[in-house]
Each structure stands twice: as structure tokens, then as C-alpha cells.
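J.: This is the structure I have questions about; it appears just below.
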Amino acid sequence: MTVEPVSPVPREARGYQGEVAGLVTRLVGSSIDAGVVALALLAGWVGLNGFKFLLDPRGFQFSGTSLLLSFTAACAVTVIYLTGSWAITGRTWGSHVMGLRVVDRRGQRLRPTVALLRGLFCTFFPIGLLWCGVNPSRRSVQDIVLRTGVVYDWVPRRRAVSPPPGSPTG
Amino acid sequence: MQPVRFAADLALGTVALVAVPVAAVGHRIRVLAEPAVSLLRDEVTRQLAEALDVVVPAAVEQVLQRLDLTAIVEQHVDIEEIVESIDLAAITNQIMEEIDLPEIIRQSTGSVASETLRGVRMQAISADDAVSKLSERFRLRRARQVPALPAGPAGPVPEPL
């Protein structure tokens with residue numbers, strides 16, 4: 001006898017599960033991710049300077065505040081964070097908070113190479129996200145180019161997700 | 001002894017003369033009648049089954065109405081012994097495994113329990129829908145404003161040289 005799995009998703013949100021997410025949810029999730037990256041950078045900077053202070057307390061001076069270094073570090077952390085999150089769990093912290101998941105055209109988790117490409121694309125061309133606001137199938141530039149999709153998925157653990165509507169299957 | 005023997009042979013011969021044709025005719029009749037008998041037997045069986053289908057449930061129902069089965073079971077069956085023989089813990093574990101109860105509790109309390117988070121998510125979904133509708137309306141308006149292009153090449157026709 002097969003027991004019907006009990007869904008932990010609230011009744012009002014069940015109809016949206018697996019649907020392609022829209023602009024507002026994705027923007028909120030991305031903003032949270034930006035905050036996470038900023039916190040990571042700040043923690044790294046504080047940690048680095050703290051380590052330097054421990055090594056040489058008397059000659060200590062704050063370092064690592066140049067614009068180029070900060071930009072490079074921010075880009076690197078963002079790419080690593082996005083790639084790792086999408087390749088390992090399929091969602092960043094912002095996506096987790098907003099109940100989103102990034103999937104490929106089959107509804108599966110992204111392969112590491114695709115996750116890396118998407119991470120680079122999102123880091124250096126973040127404005128491409130706005131295209132999902134005007135695209136009929138709610139797909140950003142990154143989604144169209146890399147054949148990925150962002151769907152509502154409130155279930156924390158990985159499960160089989162149907163391919164996002166409007167995504168190419170070939 | 002001769003007349004007696006003769007009489008006995010005569011009697012046996014007479015019996016044989018009568019019995020053999022009678023047996024042959026009887027066998028022939030039985031062979032010819034076999035299909036009809038089989039059909040008759042099937043029909044009788046079917047009608048009997050139909051009658052039993054009607055009668056037996058009604059009879060059993062009447063019997064059960066006149067019996068207190070619960071009292072009979074309580075009186076004659078040792079329920080405690082039966083319950084003790086059942087491994088309730090194993091059954092409970094099996095059920096919990098089937099429905100994955102720990103996972104449900106983790107999922108319920110881990111991410112979706114927060115009413116605030118649920119509200120934020122639902123409002124974001126509503127905003128997504130609103131943006132999509134606005135975008136759709138804008139696209140339809142633009143499609144109406146752009147006149148349909150006439151069939152044929154799109155650009156000016158080059159002058160012949």
C-alpha cells in the first residue's frame with residue numbers, strides 16, 4: 001500500500017510549487033544574497049586584519065581597502081558563493097528564504113559547470129535578471145542563455161521538481 | 001442332467017438375446033442425451049446459485065441481528081492474548097517509516113513554520129503575478145499599436161538598374 005506523502009507546504013502556496021518565479025521574489029532573494037556576500041566580505045576583512053594584528057600588534061595598520069582589491073574580492077566571493085550554492089543545494093541563502101530553487105531544463109540541480117557559468121553571468125551581468133519581469137515565461141537573460149530556470153519550491157530538502165514551464169526540453 | 005443343462009443354456013441364451021440389444025440401445029440413448037443433461041445441470045446450478053445469492057445474505061443478516069457478536073467475542077476470545085502476540089512497536093515503526101514522520105516534522109518546523117516568512121513569500125508571489133500581468137498588458141497594448149505589416153518584402157523595393 002502506498003502512503004500519500006504529507007506536504008509541509010501551506011495549502012495556499014501548493015499551487016505555485018514548481019512554477020517559474022517572478023521578478024519580485026527573485027529580486028528579494030538576490031538582495032538577501034548580496035547582503036550575505038557583503039557580510040562575508042566584511043568578516044573576511046575583519047579576520048584578515050585581526051590576523052595581521054596578532055602577528056604584529058605594534059606595527060598594525062588596516063589594509064585591503066583599495067577599490068580594485070575590494071571589487072575583485074567581492075566578485076570572487078559572489079561567484080564562489082553562487083556556484084557552490086547552486087551546484088550543491090540548488091539554492092542560495094536568499095533563495096532558501098524566499099522558497100526558490102534554481103534548476104536546469106529537466107528540473108534537476110545544475111551541473112557544476114553550468115552553475116559556474118551562471119554564477120559568472122549573474123555576477124558580471126546582474127541586470128539580466130530584470131528581463132524576467134518582461135519575458136512572458138519569466139526567464140532572465142541568464143536563464144535563456146544557459147537554459148536554466150528559477151522555480152518556487154518551499155520544500156527545504158531536494159526533491160524531484162518538474163521542468164519549469166516554458167523551458168526548452170531539447 | 002441333459003434336459004436341465006439344455007434348459008439352463010436356453011435361459012442364458014434368451015437373456016443374452018434380450019439384454020445385449022437393450023444395453024446397446026441404453027448406451028445409445030445415454031450418448032444422445034448427454035448434451036441435454038449437461039445443459040440441464042448447468043441451468044439448475046445457475047438457478048440454484050441465484051437463489052442462494054438472495055437467500056443466504058438475508059438469512060445471515062437475520063442471524064447476525066439476533067446475535068451479540070461483541071459479547072460472544074468477549075466471552076470466548078482472549079483479546080489480551082491476541083494483542084500481546086502483536087508486535088505493536090514494529091508496526092508503529094513501520095508506519096513512521098512509511099510516512100517519514102521525522103522528515104515531515106523537520107520540514108514543518110524548519111522552514112515553513114514561520115508565519116512571517118510565509119507572509120513575505122506569499123506577498124512576493126502576489127507581486128510577481130502583478131508584475132507579470134502588467135507586463136502582459138503592456139505587450140498587448142504595444143501589439144495593438146503596431147500596425148500589421150503588409151505581406152511581401154519589408155524594406156523599400158530597389159529600383160531596377
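Ligands are numbered from 1 in the order shown, chains are lettered A, B, ... in the order of the C-alpha cells, and residues start at 1 in each chain.
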Within 6 Å of chain A, which residues of chain B show up when using only C-alpha atoms, listed as a ChimeraX atom specification?

T.: /B:108,121,124,128,135

J.: Could you give me, as a PyMOL selection string, the residues within 9 Å of range 36-38 of chain A, counting only C-alpha atoms and dropping anything in the same chain fewer than 6 positions from it?

T.: chain A and resi 74+77-78+81+93-94

J.: Please report the interatomic distance between CA of Ser95 in chain A and CA of Val145 in chain A in Å with one decimal.

T.: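 Computing it gives 20.5 Å between the two atoms.
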
J.: Can you list every residue in range 26-160 of chain B that DSSP puts in alpha helix (DSSP H), as an MDAnalysis selection string?

T.: chainID B and resid 26:65 69:76 79:85 88:99 101:110 115:145

J.: Write the residues you've just listed into a file as a tab-separated table (two decimals), in the first residue's frame, and include C-alpha atoms for each of them.

T.:
chain	number	residue	atom	x	y	z
B	26	GLY	CA	-29.46	-47.75	-23.50
B	27	HIS	CA	-25.88	-46.71	-24.25
B	28	ARG	CA	-27.01	-45.01	-27.44
B	29	ILE	CA	-29.75	-43.15	-25.59
B	30	ARG	CA	-27.28	-42.04	-22.92
B	31	VAL	CA	-24.83	-40.72	-25.55
B	32	LEU	CA	-27.59	-38.83	-27.34
B	33	ALA	CA	-28.99	-37.39	-24.11
B	34	GLU	CA	-25.63	-36.30	-22.61
B	35	PRO	CA	-25.58	-32.70	-24.02
B	36	ALA	CA	-29.15	-32.09	-22.96
B	37	VAL	CA	-28.42	-33.43	-19.47
B	38	SER	CA	-25.32	-31.23	-19.24
B	39	LEU	CA	-27.29	-28.13	-20.21
B	40	LEU	CA	-29.99	-29.01	-17.74
B	41	ARG	CA	-27.41	-29.49	-15.00
B	42	ASP	CA	-25.81	-26.11	-15.74
B	43	GLU	CA	-29.17	-24.37	-15.74
B	44	VAL	CA	-30.15	-25.95	-12.44
B	45	THR	CA	-26.80	-24.97	-10.92
B	46	ARG	CA	-27.15	-21.36	-12.12
B	47	GLN	CA	-30.67	-21.00	-10.81
B	48	LEU	CA	-29.64	-22.55	-7.52
B	49	ALA	CA	-26.73	-20.10	-7.23
B	50	GLU	CA	-29.02	-17.17	-7.94
B	51	ALA	CA	-31.43	-18.34	-5.31
B	52	LEU	CA	-28.62	-18.81	-2.78
B	53	ASP	CA	-27.26	-15.34	-3.54
B	54	VAL	CA	-30.59	-13.92	-2.47
B	55	VAL	CA	-31.39	-16.24	0.38
B	56	VAL	CA	-28.02	-16.67	2.13
B	57	PRO	CA	-27.21	-12.97	2.76
B	58	ALA	CA	-30.72	-12.36	4.02
B	59	ALA	CA	-30.55	-15.39	6.28
B	60	VAL	CA	-27.12	-14.48	7.62
B	61	GLU	CA	-28.28	-10.91	8.20
B	62	GLN	CA	-31.23	-12.17	10.18
B	63	VAL	CA	-28.98	-14.48	12.20
B	64	LEU	CA	-26.48	-11.69	12.92
B	65	GLN	CA	-29.23	-9.36	14.01
B	69	LEU	CA	-21.16	-10.75	18.33
B	70	THR	CA	-19.24	-8.40	20.57
B	71	ALA	CA	-20.44	-10.20	23.65
B	72	ILE	CA	-19.68	-13.58	22.08
B	73	VAL	CA	-16.15	-12.50	21.19
B	74	GLU	CA	-15.60	-11.03	24.65
B	75	GLN	CA	-16.84	-14.22	26.20
B	76	HIS	CA	-14.96	-16.72	24.08
B	79	ILE	CA	-8.29	-10.40	23.32
B	80	GLU	CA	-5.40	-9.55	25.60
B	81	GLU	CA	-3.52	-12.61	24.44
B	82	ILE	CA	-4.05	-11.61	20.82
B	83	VAL	CA	-2.89	-8.03	21.49
B	84	GLU	CA	0.18	-9.34	23.30
B	85	SER	CA	1.04	-11.50	20.33
B	88	LEU	CA	2.88	-3.03	18.12
B	89	ALA	CA	6.28	-1.35	18.26
B	90	ALA	CA	7.31	-2.91	14.95
B	91	ILE	CA	4.05	-1.85	13.33
B	92	THR	CA	4.42	1.69	14.65
B	93	ASN	CA	7.98	1.89	13.38
B	94	GLN	CA	6.88	0.63	10.01
B	95	ILE	CA	4.13	3.25	9.78
B	96	MET	CA	6.51	6.03	10.80
B	97	GLU	CA	8.98	4.82	8.21
B	98	GLU	CA	6.29	4.76	5.55
B	99	ILE	CA	5.10	8.31	6.16
B	101	LEU	CA	7.28	11.35	10.13
B	102	PRO	CA	10.62	12.77	11.31
B	103	GLU	CA	11.20	14.39	7.95
B	104	ILE	CA	7.73	15.92	7.98
B	105	ILE	CA	8.34	17.38	11.42
B	106	ARG	CA	11.74	18.73	10.38
B	107	GLN	CA	10.33	20.29	7.26
B	108	SER	CA	7.31	21.68	9.03
B	109	THR	CA	9.24	23.31	11.81
B	110	GLY	CA	12.40	24.16	9.87
B	115	GLU	CA	4.12	32.86	9.72
B	116	THR	CA	6.10	35.99	8.88
B	117	LEU	CA	8.23	34.22	6.33
B	118	ARG	CA	5.15	32.63	4.84
B	119	GLY	CA	3.51	36.04	4.56
B	120	VAL	CA	6.57	37.57	2.90
B	121	ARG	CA	6.74	34.73	0.41
B	122	MET	CA	3.07	34.91	-0.43
B	123	GLN	CA	3.20	38.68	-0.86
B	124	ALA	CA	6.22	38.31	-3.15
B	125	ILE	CA	4.32	35.73	-5.21
B	126	SER	CA	1.37	38.12	-5.49
B	127	ALA	CA	3.75	40.89	-6.55
B	128	ASP	CA	5.25	38.54	-9.15
B	129	ASP	CA	1.80	37.93	-10.57
B	130	ALA	CA	1.06	41.65	-10.61
B	131	VAL	CA	4.29	42.39	-12.48
B	132	SER	CA	3.55	39.64	-14.98
B	133	LYS	CA	0.03	40.96	-15.59
B	134	LEU	CA	1.35	44.50	-16.03
B	135	SER	CA	3.98	43.28	-18.47
B	136	GLU	CA	1.38	41.28	-20.38
B	137	ARG	CA	-0.94	44.29	-20.61
B	138	PHE	CA	1.93	46.44	-21.87
B	139	ARG	CA	2.83	43.86	-24.51
B	140	LEU	CA	-0.78	43.62	-25.70
B	141	ARG	CA	-1.05	47.42	-25.94
B	142	ARG	CA	2.14	47.60	-27.97
B	143	ALA	CA	0.94	44.80	-30.24
B	144	ARG	CA	-2.28	46.73	-30.91
B	145	GLN	CA	-0.41	49.98	-31.63

J.: Quick one: pull the distance between CA of Glu19 in chain A and CA of Asp100 in chain B, Å, one decimal.

T.: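 Pair CA of Glu19 in chain A / CA of Asp100 in chain B returns 25.6 Å.
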
J.: Which residues are near Gly128 in chain A? Cut-off 9 Å, only C-alpha atoms, ignore same chain within fewer than 6 positions. Put them as a list in words.

T.: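 The filter keeps Phe121, Cys122, Ser140, Val141 and Gln142 of chain A.
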
J.: Just the strand (DSSP E) stuff from chain A, please, per backbone DSSP, written as a ChimeraX atom specification.

T.: /A:100-104,148-152

J.: Find the distance between CA of Gly84 in chain A and CA of Ser66 in chain A and write it in Å to one decimal.

T.: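 A separation of 26.7 Å between them.
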
J.: Identify, on the basis of only C-alpha atoms, every residue whose closest approach to Phe51 in chain A does not exceed 12 Å; exclude the query and any residue fewer than 6 positions from it along the same chain; express the result as a PyMOL selection string.

T.: chain A and resi 43-45+57+60-63
